[in-house]
file coords.csv (CSV, C-alpha atoms)
chain,number,residue,atom,x,y,z
F,1,MET,CA,5.0,17.9,-31.7
F,2,GLU,CA,4.9,17.7,-27.9
F,3,ASN,CA,8.3,18.0,-26.2
F,4,TRP,CA,8.2,14.5,-24.6
F,5,LYS,CA,7.9,12.8,-28.0
F,6,LYS,CA,11.4,14.0,-28.9
F,7,LYS,CA,13.0,12.4,-25.9
F,8,LEU,CA,11.7,8.9,-26.1
F,9,SER,CA,13.6,6.1,-24.4
F,10,ILE,CA,15.5,3.6,-26.6
F,11,SER,CA,14.2,0.7,-24.6
F,12,PRO,CA,10.9,1.7,-23.0
F,13,ASP,CA,10.3,-1.8,-21.7
F,14,LYS,CA,13.3,-1.3,-19.4
F,15,ALA,CA,12.5,2.1,-18.1
F,16,VAL,CA,11.8,2.4,-14.4
F,17,VAL,CA,10.5,5.3,-12.4
F,18,SER,CA,11.7,5.6,-8.9
F,19,ILE,CA,9.7,7.4,-6.2
F,20,LYS,CA,11.0,8.3,-2.8
F,21,ASN,CA,9.0,10.1,-0.1
F,22,ASP,CA,9.4,11.2,3.5
F,23,ARG,CA,7.3,9.7,6.3
F,24,GLY,CA,5.9,13.1,6.8
F,25,THR,CA,4.7,13.5,3.2
F,26,SER,CA,1.0,14.0,2.8
F,27,TYR,CA,-0.8,11.0,1.3
F,28,ASN,CA,-2.8,13.3,-0.9
F,29,ILE,CA,0.5,14.5,-2.6
F,30,TYR,CA,1.7,10.9,-2.9
F,31,LEU,CA,-1.5,9.9,-4.7
F,32,GLN,CA,-1.4,13.0,-6.9
F,33,VAL,CA,2.1,11.9,-8.0
F,34,GLN,CA,0.9,8.4,-8.7
F,35,ASN,CA,-2.0,9.9,-10.6
F,36,GLU,CA,0.4,11.9,-12.8
F,37,LEU,CA,2.6,8.9,-13.4
F,38,THR,CA,-0.4,6.9,-14.5
F,39,ALA,CA,-1.6,9.7,-16.7
F,40,ALA,CA,1.8,9.8,-18.3
F,41,TYR,CA,1.8,6.1,-19.0
F,42,ASN,CA,-1.7,6.3,-20.3
F,43,GLU,CA,-0.8,9.2,-22.6
F,44,ILE,CA,2.2,7.3,-24.1
F,45,ARG,CA,0.1,4.1,-24.6
F,46,GLU,CA,-2.8,6.1,-26.1
F,47,ASN,CA,-0.4,7.8,-28.5
F,48,GLU,CA,0.9,4.4,-29.5
F,49,ALA,CA,-2.6,3.1,-30.0
F,50,MET,CA,-3.6,6.1,-32.2
F,51,SER,CA,-0.5,6.1,-34.3
F,52,LYS,CA,-0.1,2.4,-34.9
F,53,HIS,CA,-3.7,1.3,-34.9
F,54,GLY,CA,-5.7,4.4,-35.6
F,55,MET,CA,-8.0,3.7,-32.6
F,56,SER,CA,-8.2,4.8,-29.0
F,57,MET,CA,-6.9,2.3,-26.4
F,58,GLU,CA,-10.3,1.6,-25.1
F,59,ASP,CA,-11.6,0.6,-28.6
F,60,LEU,CA,-8.8,-1.9,-29.2
F,61,PRO,CA,-9.3,-5.6,-28.4
F,62,LYS,CA,-7.8,-6.9,-25.1
F,63,SER,CA,-4.9,-8.6,-26.8
F,64,VAL,CA,-3.7,-5.5,-28.6
F,65,GLN,CA,-4.1,-3.5,-25.4
F,66,LYS,CA,-1.9,-6.1,-23.6
F,67,GLU,CA,0.7,-5.7,-26.4
F,68,ILE,CA,0.9,-2.0,-26.0
F,69,ASN,CA,0.9,-2.2,-22.2
F,70,SER,CA,3.9,-4.6,-22.3
F,71,LYS,CA,5.7,-2.3,-24.8
F,72,TYR,CA,5.4,0.5,-22.3
F,73,PRO,CA,5.2,-1.3,-18.9
F,74,MET,CA,4.4,0.6,-15.8
F,75,LYS,CA,7.5,0.0,-13.7
F,76,ILE,CA,7.5,2.0,-10.6
F,77,SER,CA,10.0,1.5,-7.8
F,78,GLU,CA,9.3,2.9,-4.3
F,79,ALA,CA,12.3,3.6,-2.0
F,80,GLU,CA,12.3,3.3,1.8
F,81,PRO,CA,11.0,6.6,3.2
F,82,GLU,CA,13.2,8.9,5.1
F,83,ASN,CA,12.2,10.7,8.3
F,84,ILE,CA,13.9,14.1,7.6
F,85,GLY,CA,10.8,16.2,8.3
F,86,GLY,CA,10.1,14.5,11.7
F,87,LYS,CA,6.7,13.4,12.7
Q,1,MET,CA,-86.3,-17.2,-6.8
Q,2,SER,CA,-87.2,-14.8,-4.1
Q,3,ALA,CA,-84.3,-16.1,-2.1
Q,4,LYS,CA,-81.9,-15.0,-4.7
Q,5,PHE,CA,-83.4,-11.5,-4.7
Q,6,GLU,CA,-83.2,-11.3,-0.9
Q,7,ARG,CA,-79.5,-12.2,-0.9
Q,8,LYS,CA,-78.8,-9.4,-3.4
Q,9,ARG,CA,-80.5,-6.8,-1.2
Q,10,GLY,CA,-78.3,-7.8,1.7
Q,11,LYS,CA,-75.9,-5.2,3.3
Q,12,ASP,CA,-72.6,-7.1,2.4
Q,13,SER,CA,-70.8,-5.9,-0.7
Q,14,PRO,CA,-69.3,-8.7,-2.7
Q,15,THR,CA,-66.3,-10.0,-0.7
Q,16,ILE,CA,-62.9,-9.6,-2.3
Q,17,SER,CA,-61.0,-12.8,-2.5
Q,18,THR,CA,-57.9,-12.8,-0.3
Q,19,ALA,CA,-56.6,-16.1,-1.7
Q,20,SER,CA,-53.7,-14.4,-3.4
Q,21,LEU,CA,-52.5,-12.5,-0.3
Q,22,PRO,CA,-50.0,-15.2,0.8
Q,23,ASP,CA,-48.5,-15.2,-2.7
Q,24,ILE,CA,-47.9,-11.5,-2.6
Q,25,ILE,CA,-46.3,-11.8,0.8
Q,26,PHE,CA,-44.0,-14.5,-0.4
Q,27,ILE,CA,-43.0,-12.5,-3.5
Q,28,LEU,CA,-42.1,-9.5,-1.3
Q,29,LEU,CA,-40.2,-11.8,1.0
Q,30,PHE,CA,-38.2,-13.3,-1.8
Q,31,PHE,CA,-37.5,-9.9,-3.3
Q,32,PHE,CA,-36.0,-8.7,-0.1
Q,33,MET,CA,-34.0,-11.8,0.4
Q,34,VAL,CA,-32.4,-11.4,-2.9
Q,35,SER,CA,-31.8,-7.7,-2.9
Q,36,THR,CA,-30.5,-7.3,0.7
Q,37,VAL,CA,-26.8,-6.4,0.8
Q,38,MET,CA,-24.6,-7.1,3.9
Q,39,ARG,CA,-23.5,-3.8,5.3
Q,40,ASP,CA,-19.8,-3.0,5.8
Q,41,SER,CA,-18.5,-2.5,9.3
Q,42,ASP,CA,-19.3,0.9,10.9
Q,43,ALA,CA,-16.7,3.4,10.0
Q,44,LEU,CA,-14.5,4.1,13.0
Q,45,VAL,CA,-12.2,6.4,11.0
Q,46,THR,CA,-12.9,9.2,8.5
Q,47,THR,CA,-11.7,8.4,5.1
Q,48,HIS,CA,-11.9,11.3,2.6
Q,49,VAL,CA,-10.0,9.8,-0.2
Q,50,PRO,CA,-7.9,11.9,-2.6
Q,51,LYS,CA,-9.2,12.8,-6.0
Q,52,GLY,CA,-7.6,11.6,-9.2
Q,53,THR,CA,-8.2,11.4,-12.9
Q,54,GLU,CA,-6.7,8.1,-13.9
Q,55,LEU,CA,-9.1,5.8,-12.1
Q,56,THR,CA,-10.1,2.3,-12.9
Q,57,LYS,CA,-13.5,0.9,-11.7
Q,58,ILE,CA,-13.3,-2.0,-9.4
Q,59,GLU,CA,-14.7,-5.0,-11.2
Q,60,LYS,CA,-15.0,-7.7,-8.5
Q,61,LYS,CA,-15.9,-6.1,-5.2
Q,62,SER,CA,-16.1,-9.5,-3.6
Q,63,MET,CA,-12.4,-10.1,-4.2
Q,64,VAL,CA,-11.4,-6.8,-2.4
Q,65,SER,CA,-10.6,-6.5,1.3
Q,66,THR,CA,-10.4,-3.0,2.5
Q,67,ILE,CA,-8.1,-1.4,5.1
Q,68,ASN,CA,-9.2,2.0,6.3
Q,69,VAL,CA,-6.7,4.6,7.6
Q,70,GLY,CA,-7.7,8.0,8.9
Q,71,PRO,CA,-8.4,10.1,11.9
Q,72,PRO,CA,-10.9,8.5,14.3
Q,73,VAL,CA,-14.6,9.6,13.9
Q,74,SER,CA,-15.6,12.4,16.2
Q,75,MET,CA,-17.4,10.0,18.4
Q,76,HIS,CA,-14.2,8.1,19.2
Q,77,GLN,CA,-11.8,11.0,19.3
Q,78,SER,CA,-12.1,11.3,23.1
Q,79,LYS,CA,-10.8,7.8,23.6
Q,80,TYR,CA,-8.5,7.4,20.6
Q,81,GLY,CA,-7.3,10.8,19.8
Q,82,THR,CA,-7.2,12.7,16.5
Q,83,ALA,CA,-4.1,11.1,14.9
Q,84,PRO,CA,-4.8,8.8,12.0
Q,85,ARG,CA,-5.2,5.1,12.9
Q,86,VAL,CA,-5.7,1.9,11.0
Q,87,GLN,CA,-9.1,0.2,11.0
Q,88,LEU,CA,-9.3,-3.5,10.2
Q,89,ASN,CA,-12.9,-4.8,9.8
Q,90,ASP,CA,-14.7,-3.4,12.8
Q,91,LYS,CA,-12.0,-2.3,15.2
Q,92,PHE,CA,-8.9,-0.2,15.5
Q,93,ALA,CA,-5.6,-2.0,14.9
Q,94,ALA,CA,-1.9,-1.4,14.7
Q,95,PRO,CA,-0.1,-1.9,11.4
Q,96,SER,CA,1.5,-5.0,12.9
Q,97,GLU,CA,-1.9,-6.7,13.0
Q,98,VAL,CA,-2.2,-6.4,9.2
Q,99,ILE,CA,-0.5,-9.7,8.6
Q,100,GLU,CA,-3.0,-11.6,10.7
Q,101,PHE,CA,-5.8,-9.7,8.9
Q,102,VAL,CA,-4.5,-10.8,5.5
Q,103,GLU,CA,-4.3,-14.4,6.7
Q,104,ASN,CA,-7.9,-14.3,8.0
Q,105,GLU,CA,-9.2,-12.7,4.8
Q,106,ARG,CA,-7.4,-15.4,2.8
Q,107,LEU,CA,-9.0,-18.1,4.9
Q,108,LYS,CA,-12.4,-16.8,4.1
Q,109,LYS,CA,-11.9,-17.4,0.4
Q,110,ASP,CA,-11.8,-20.5,-1.6
Q,111,GLU,CA,-8.2,-21.6,-2.3
Q,112,ARG,CA,-8.5,-21.2,-6.0
Q,113,LEU,CA,-9.6,-17.6,-5.6
Q,114,ARG,CA,-6.9,-16.5,-3.3
Q,115,PRO,CA,-4.4,-15.4,-6.0
Q,116,TYR,CA,-7.0,-13.0,-7.3
Q,117,MET,CA,-7.5,-11.2,-4.0
Q,118,THR,CA,-6.8,-7.5,-3.8
Q,119,PHE,CA,-6.2,-5.4,-0.7
Q,120,ALA,CA,-7.6,-1.9,-0.9
Q,121,LEU,CA,-6.1,1.0,1.0
Q,122,LYS,CA,-8.8,3.5,1.7
Q,123,VAL,CA,-6.8,6.3,3.3
Q,124,ASP,CA,-7.8,9.8,4.3
Q,125,LYS,CA,-6.0,12.5,2.2
Q,126,LYS,CA,-4.7,14.2,5.3
Q,127,THR,CA,-2.8,11.1,6.5
Q,128,LYS,CA,1.0,11.2,6.5
Q,129,MET,CA,2.9,8.6,4.5
Q,130,GLY,CA,4.5,7.2,7.7
Q,131,ILE,CA,1.6,5.1,8.8
Q,132,VAL,CA,0.6,4.2,5.2
Q,133,THR,CA,4.2,3.0,4.5
Q,134,ASP,CA,4.0,0.8,7.7
Q,135,VAL,CA,0.8,-0.8,6.4
Q,136,LYS,CA,2.3,-1.3,3.0
Q,137,GLN,CA,5.3,-3.0,4.4
Q,138,GLU,CA,3.2,-5.3,6.5
Q,139,LEU,CA,1.2,-6.2,3.4
Q,140,ARG,CA,4.5,-6.9,1.6
Q,141,LYS,CA,5.6,-9.2,4.5
Q,142,ALA,CA,2.3,-11.0,4.2
Q,143,LYS,CA,2.9,-11.4,0.4
Q,144,ALA,CA,-0.3,-9.5,-0.3
Q,145,LEU,CA,1.2,-7.9,-3.4
Q,146,LYS,CA,-2.0,-6.9,-5.2
Q,147,ILE,CA,-3.0,-3.6,-3.7
Q,148,GLN,CA,-5.1,-0.7,-4.8
Q,149,TYR,CA,-5.5,2.9,-3.6
Q,150,ASN,CA,-9.1,4.0,-3.4
Q,151,ALA,CA,-9.7,7.5,-4.8
Q,152,ALA,CA,-12.6,9.7,-6.0
Q,153,LEU,CA,-13.0,10.9,-9.5
Q,154,ARG,CA,-12.0,14.4,-10.5
Q,155,ALA,CA,-12.8,15.6,-13.9
Q,156,GLN,CA,-10.3,18.3,-14.4
Q,157,ALA,CA,-6.5,18.5,-14.2
Q,158,LEU,CA,-5.1,20.4,-11.3
Q,159,GLU,CA,-4.3,24.2,-11.8
call {"tool": "encode", "arguments": {"input": "coords.csv", "output": "C-alpha coordinates"}}
result
Amino acid sequence: MENWKKKLSISPDKAVVSIKNDRGTSYNIYLQVQNELTAAYNEIRENEAMSKHGMSMEDLPKSVQKEINSKYPMKISEAEPENIGGK
Amino acid sequence: MSAKFERKRGKDSPTISTASLPDIIFILLFFFMVSTVMRDSDALVTTHVPKGTELTKIEKKSMVSTINVGPPVSMHQSKYGTAPRVQLNDKFAAPSEVIEFVENERLKKDERLRPYMTFALKVDKKTKMGIVTDVKQELRKAKALKIQYNAALRAQALE
(Lines of atoms letter the chains of each structure in order from A and count residues from 1; the text may use other names and numbers.)
(Lines give C-alpha, C1' and ligand atoms only; values in the text may rest on other atoms or scores of the structure.)
Protein backbone atom coordinates (compact mmCIF):
# COMPACT_ATOMS: atom_id res chain seq x y z
CA MET A 1 0.00 0.00 0.00
CA GLU A 2 1.37 3.45 -0.82
CA ASN A 3 2.96 5.16 2.17
CA TRP A 4 0.60 8.09 2.23
CA LYS A 5 -2.44 5.87 2.73
CA LYS A 6 -1.11 4.87 6.14
CA LYS A 7 -0.92 8.48 7.35
CA LEU A 8 -4.41 9.74 6.52
CA SER A 9 -5.80 12.69 8.41
CA ILE A 10 -8.60 12.10 10.92
CA SER A 11 -10.59 15.04 9.62
CA PRO A 12 -9.54 15.63 6.00
CA ASP A 13 -12.20 18.28 5.56
CA LYS A 14 -10.31 20.47 8.03
CA ALA A 15 -6.83 19.93 6.62
CA VAL A 16 -5.13 23.06 5.30
CA VAL A 17 -1.95 23.30 3.26
CA SER A 18 0.04 26.47 3.77
CA ILE A 19 2.39 27.85 1.12
CA LYS A 20 4.93 30.57 1.64
CA ASN A 21 7.30 31.94 -0.94
CA ASP A 22 9.88 34.66 -1.30
CA ARG A 23 9.32 37.57 -3.67
CA GLY A 24 12.31 36.29 -5.61
CA THR A 25 10.87 32.80 -6.10
CA SER A 26 10.48 31.83 -9.74
CA TYR A 27 6.86 31.71 -10.90
CA ASN A 28 7.59 28.42 -12.65
CA ILE A 29 8.54 26.81 -9.34
CA TYR A 30 5.42 28.27 -7.70
CA LEU A 31 3.18 26.73 -10.36
CA GLN A 32 5.00 23.40 -10.15
CA VAL A 33 4.23 23.37 -6.43
CA GLN A 34 0.58 24.20 -7.14
CA ASN A 35 0.57 21.45 -9.75
CA GLU A 36 1.90 18.87 -7.30
CA LEU A 37 -0.64 19.95 -4.67
CA THR A 38 -3.45 19.60 -7.17
CA ALA A 39 -2.08 16.22 -8.24
CA ALA A 40 -2.07 15.09 -4.60
CA TYR A 41 -5.70 16.14 -4.07
CA ASN A 42 -6.68 14.51 -7.35
CA GLU A 43 -4.94 11.30 -6.31
CA ILE A 44 -6.71 11.19 -2.94
CA ARG A 45 -10.08 11.90 -4.56
CA GLU A 46 -9.51 9.36 -7.31
CA ASN A 47 -8.60 6.76 -4.71
CA GLU A 48 -11.85 7.49 -2.87
CA ALA A 49 -13.82 7.22 -6.10
CA MET A 50 -12.31 3.85 -6.99
CA SER A 51 -12.57 2.29 -3.54
CA LYS A 52 -16.05 3.54 -2.62
CA HIS A 53 -17.72 3.57 -6.04
CA GLY A 54 -15.58 1.36 -8.23
CA MET A 55 -15.33 4.04 -10.90
CA SER A 56 -12.91 6.78 -11.86
CA MET A 57 -13.77 10.36 -10.79
CA GLU A 58 -14.45 11.42 -14.35
CA ASP A 59 -17.01 8.65 -14.82
CA LEU A 60 -18.98 9.53 -11.73
CA PRO A 61 -22.02 11.85 -11.87
CA LYS A 62 -21.48 15.50 -10.88
CA SER A 63 -23.28 15.10 -7.55
CA VAL A 64 -21.00 12.26 -6.43
CA GLN A 65 -17.95 14.17 -7.63
CA LYS A 66 -19.06 17.12 -5.48
CA GLU A 67 -19.48 14.78 -2.51
CA ILE A 68 -15.95 13.47 -2.82
CA ASN A 69 -14.58 16.96 -3.41
CA SER A 70 -16.17 18.24 -0.22
CA LYS A 71 -14.89 15.24 1.68
CA TYR A 72 -11.36 16.19 0.63
CA PRO A 73 -11.60 19.92 0.01
CA MET A 74 -8.69 21.77 -1.51
CA LYS A 75 -7.79 24.25 1.23
CA ILE A 76 -4.61 26.11 0.43
CA SER A 77 -3.46 29.11 2.39
CA GLU A 78 -0.81 31.47 0.97
CA ALA A 79 1.29 33.49 3.35
CA GLU A 80 2.62 36.99 2.72
CA PRO A 81 5.89 36.67 0.80
CA GLU A 82 9.22 37.58 2.37
CA ASN A 83 11.98 39.42 0.59
CA ILE A 84 14.93 37.50 1.96
CA GLY A 85 16.55 36.84 -1.40
CA GLY A 86 16.42 40.48 -2.48
CA LYS A 87 15.20 41.54 -5.93
CA MET B 1 -37.20 27.55 -89.73
CA SER B 2 -34.07 28.76 -91.37
CA ALA B 3 -33.83 31.51 -88.79
CA LYS B 4 -33.49 28.88 -86.08
CA PHE B 5 -30.64 27.23 -87.88
CA GLU B 6 -28.84 30.48 -88.40
CA ARG B 7 -28.95 31.28 -84.74
CA LYS B 8 -27.40 27.91 -83.92
CA ARG B 9 -24.48 28.49 -86.21
CA GLY B 10 -23.72 31.81 -84.47
CA LYS B 11 -20.32 32.29 -82.72
CA ASP B 12 -21.77 32.75 -79.20
CA SER B 13 -21.67 29.65 -76.98
CA PRO B 14 -24.80 29.30 -74.84
CA THR B 15 -24.51 31.98 -72.16
CA ILE B 16 -24.21 30.76 -68.57
CA SER B 17 -26.82 32.25 -66.32
CA THR B 18 -25.31 34.55 -63.66
CA ALA B 19 -28.57 34.94 -61.78
CA SER B 20 -27.27 33.03 -58.77
CA LEU B 21 -24.04 35.04 -58.37
CA PRO B 22 -25.49 37.52 -55.83
CA ASP B 23 -26.74 34.55 -53.79
CA ILE B 24 -23.27 33.05 -53.65
CA ILE B 25 -21.78 36.39 -52.63
CA PHE B 26 -24.31 36.78 -49.83
CA ILE B 27 -23.72 33.24 -48.58
CA LEU B 28 -19.99 33.93 -48.44
CA LEU B 29 -20.61 37.21 -46.69
CA PHE B 30 -22.84 35.64 -44.05
CA PHE B 31 -20.33 32.86 -43.53
CA PHE B 32 -17.54 35.34 -42.80
CA MET B 33 -19.79 37.44 -40.56
CA VAL B 34 -20.54 34.42 -38.43
CA SER B 35 -17.10 32.89 -38.33
CA THR B 36 -15.01 36.00 -37.65
CA VAL B 37 -13.52 36.17 -34.16
CA MET B 38 -12.39 39.42 -32.58
CA ARG B 39 -8.62 39.30 -32.05
CA ASP B 40 -7.09 39.78 -28.61
CA SER B 41 -4.93 42.84 -28.11
CA ASP B 42 -1.40 42.65 -29.48
CA ALA B 43 0.98 40.97 -27.10
CA LEU B 44 3.25 43.57 -25.55
CA VAL B 45 4.87 41.04 -23.25
CA THR B 46 6.16 37.53 -23.84
CA THR B 47 4.22 34.93 -21.88
CA HIS B 48 5.71 31.45 -22.04
CA VAL B 49 3.50 29.84 -19.43
CA PRO B 50 4.76 27.03 -17.20
CA LYS B 51 3.80 23.44 -17.97
CA GLY B 52 1.64 21.32 -15.67
CA THR B 53 -0.16 18.01 -15.58
CA GLU B 54 -3.24 18.84 -13.53
CA LEU B 55 -4.95 21.16 -15.96
CA THR B 56 -8.62 21.96 -16.43
CA LYS B 57 -9.90 23.23 -19.76
CA ILE B 58 -11.51 26.68 -19.70
CA GLU B 59 -15.20 26.25 -20.41
CA LYS B 60 -16.46 29.79 -20.87
CA LYS B 61 -13.78 31.91 -22.49
CA SER B 62 -16.18 34.83 -22.62
CA MET B 63 -16.23 34.99 -18.81
CA VAL B 64 -12.44 35.20 -18.53
CA SER B 65 -10.44 38.44 -18.43
CA THR B 66 -6.73 37.97 -18.91
CA ILE B 67 -3.86 39.78 -17.24
CA ASN B 68 -0.52 39.19 -18.96
CA VAL B 69 2.75 39.44 -17.08
CA GLY B 70 6.17 38.94 -18.61
CA PRO B 71 9.23 40.59 -20.14
CA PRO B 72 8.36 43.12 -22.86
CA VAL B 73 8.46 41.89 -26.45
CA SER B 74 11.82 42.60 -28.18
CA MET B 75 10.24 45.45 -30.13
CA HIS B 76 9.44 47.29 -26.89
CA GLN B 77 12.53 46.43 -24.90
CA SER B 78 14.42 49.56 -25.89
CA LYS B 79 11.73 51.72 -24.33
CA TYR B 80 10.45 49.51 -21.51
CA GLY B 81 13.43 47.38 -20.55
CA THR B 82 13.68 43.63 -20.02
CA ALA B 83 12.21 43.32 -16.54
CA PRO B 84 8.76 41.67 -16.42
CA ARG B 85 5.81 44.05 -16.61
CA VAL B 86 2.05 43.81 -16.40
CA GLN B 87 -0.06 44.19 -19.54
CA LEU B 88 -3.74 45.11 -19.15
CA ASN B 89 -5.73 44.99 -22.41
CA ASP B 90 -3.49 46.73 -24.92
CA LYS B 91 -1.07 48.71 -22.77
CA PHE B 92 1.55 48.36 -20.08
CA ALA B 93 0.29 49.02 -16.57
CA ALA B 94 1.41 48.98 -12.97
CA PRO B 95 -0.10 46.46 -10.53
CA SER B 96 -1.94 49.37 -8.88
CA GLU B 97 -4.00 49.80 -12.06
CA VAL B 98 -5.43 46.30 -11.72
CA ILE B 99 -8.30 47.46 -9.50
CA GLU B 100 -9.53 49.87 -12.18
CA PHE B 101 -9.11 47.12 -14.78
CA VAL B 102 -11.31 44.79 -12.73
CA GLU B 103 -13.99 47.49 -12.40
CA ASN B 104 -13.98 48.14 -16.13
CA GLU B 105 -14.16 44.46 -16.99
CA ARG B 106 -17.10 44.09 -14.63
CA LEU B 107 -18.93 47.00 -16.23
CA LYS B 108 -18.65 45.30 -19.59
CA LYS B 109 -20.65 42.38 -18.32
CA ASP B 110 -24.31 41.97 -17.53
CA GLU B 111 -24.91 42.33 -13.77
CA ARG B 112 -26.21 38.77 -13.42
CA LEU B 113 -23.05 37.37 -15.00
CA ARG B 114 -20.58 39.29 -12.83
CA PRO B 115 -20.32 36.64 -10.07
CA TYR B 116 -19.19 34.13 -12.69
CA MET B 117 -16.27 36.19 -13.97
CA THR B 118 -12.77 34.82 -13.67
CA PHE B 119 -9.47 36.65 -13.96
CA ALA B 120 -6.71 34.74 -15.70
CA LEU B 121 -3.05 35.25 -14.88
CA LYS B 122 -1.03 34.47 -17.96
CA VAL B 123 2.46 34.83 -16.57
CA ASP B 124 5.81 34.04 -18.16
CA LYS B 125 7.60 31.24 -16.33
CA LYS B 126 10.73 33.33 -15.75
CA THR B 127 8.84 36.00 -13.80
CA LYS B 128 9.59 36.40 -10.10
CA MET B 129 6.81 36.03 -7.56
CA GLY B 130 7.19 39.65 -6.40
CA ILE B 131 5.23 41.21 -9.25
CA VAL B 132 2.78 38.30 -9.41
CA THR B 133 2.03 38.69 -5.70
CA ASP B 134 1.44 42.41 -6.20
CA VAL B 135 -1.11 41.69 -8.91
CA LYS B 136 -2.80 39.01 -6.79
CA GLN B 137 -3.08 41.37 -3.85
CA GLU B 138 -4.65 44.06 -6.02
CA LEU B 139 -7.12 41.45 -7.32
CA ARG B 140 -7.93 40.59 -3.72
CA LYS B 141 -8.52 44.26 -2.90
CA ALA B 142 -10.87 44.47 -5.86
CA LYS B 143 -12.70 41.38 -4.57
CA ALA B 144 -11.87 39.49 -7.75
CA LEU B 145 -11.54 36.19 -5.94
CA LYS B 146 -12.00 33.78 -8.82
CA ILE B 147 -8.64 33.55 -10.49
CA GLN B 148 -6.90 31.04 -12.68
CA TYR B 149 -3.29 30.42 -13.67
CA ASN B 150 -2.82 29.71 -17.35
CA ALA B 151 -0.49 26.82 -18.08
CA ALA B 152 0.46 24.50 -20.91
CA LEU B 153 -0.01 20.75 -20.80
CA ARG B 154 2.87 18.45 -20.03
CA ALA B 155 2.23 14.77 -20.33
CA GLN B 156 4.95 13.37 -18.13
CA ALA B 157 5.80 13.90 -14.51
CA LEU B 158 9.07 15.74 -13.85
CA GLU B 159 12.31 13.72 -13.41
call {"tool": "closest_residue", "arguments": {"input": "coords.csv", "among": "F:Gln34, F:Ser56, F:Ser26, F:Asn42", "to": "chain Q", "atoms": "only C-alpha atoms"}}
result
F:Ser26
call {"tool": "atom_distance", "arguments": {"input": "coords.csv", "atom1": "CA of Arg23 (chain F)", "atom2": "CA of Ser78 (chain Q)"}}
result
25.7 Å
call {"tool": "closest_atom_pairs", "arguments": {"input": "coords.csv", "of": "region 77-108 of chain Q", "to": "region 113-122 of chain Q", "cutoff": "10 Å", "atoms": "all atoms listed in the file", "output": "Markdown table"}}
result
| residue | atom | partner | partner_atom | distance |
| --- | --- | --- | --- | --- |
| Q:Val86 | CA | Q:Lys122 | CA | 9.9 |
| Q:Gln87 | CA | Q:Lys122 | CA | 9.9 |
| Q:Val102 | CA | Q:Phe119 | CA | 8.4 |
| Q:Glu105 | CA | Q:Met117 | CA | 9.1 |
| Q:Arg106 | CA | Q:Arg114 | CA | 6.2 |
| Q:Leu107 | CA | Q:Arg114 | CA | 8.6 |
| Q:Lys108 | CA | Q:Arg114 | CA | 9.2 |
call {"tool": "residues_around", "arguments": {"input": "coords.csv", "residues": "region 76-83 of chain F", "least_positions_apart": "3", "cutoff": "8 Å", "atoms": "all atoms listed in the file", "output": "list in words"}}
result
Val16, Val17, Ser18, Ile19, Lys20, Asn21, Asp22, Arg23, Gly24, Gly86 and Lys87 of chain F; Gly130 and Thr133 of chain Q
call {"tool": "residues_around", "arguments": {"input": "coords.csv", "residues": "region 53-58 of chain Q", "least_positions_apart": "3", "cutoff": "8 Å", "atoms": "only C-alpha atoms", "output": "list in words"}}
result
Asn35, Thr38 and Ala39 of chain F; Lys61, Ala151, Leu153, Arg154, Ala155, Gln156 and Ala157 of chain Q
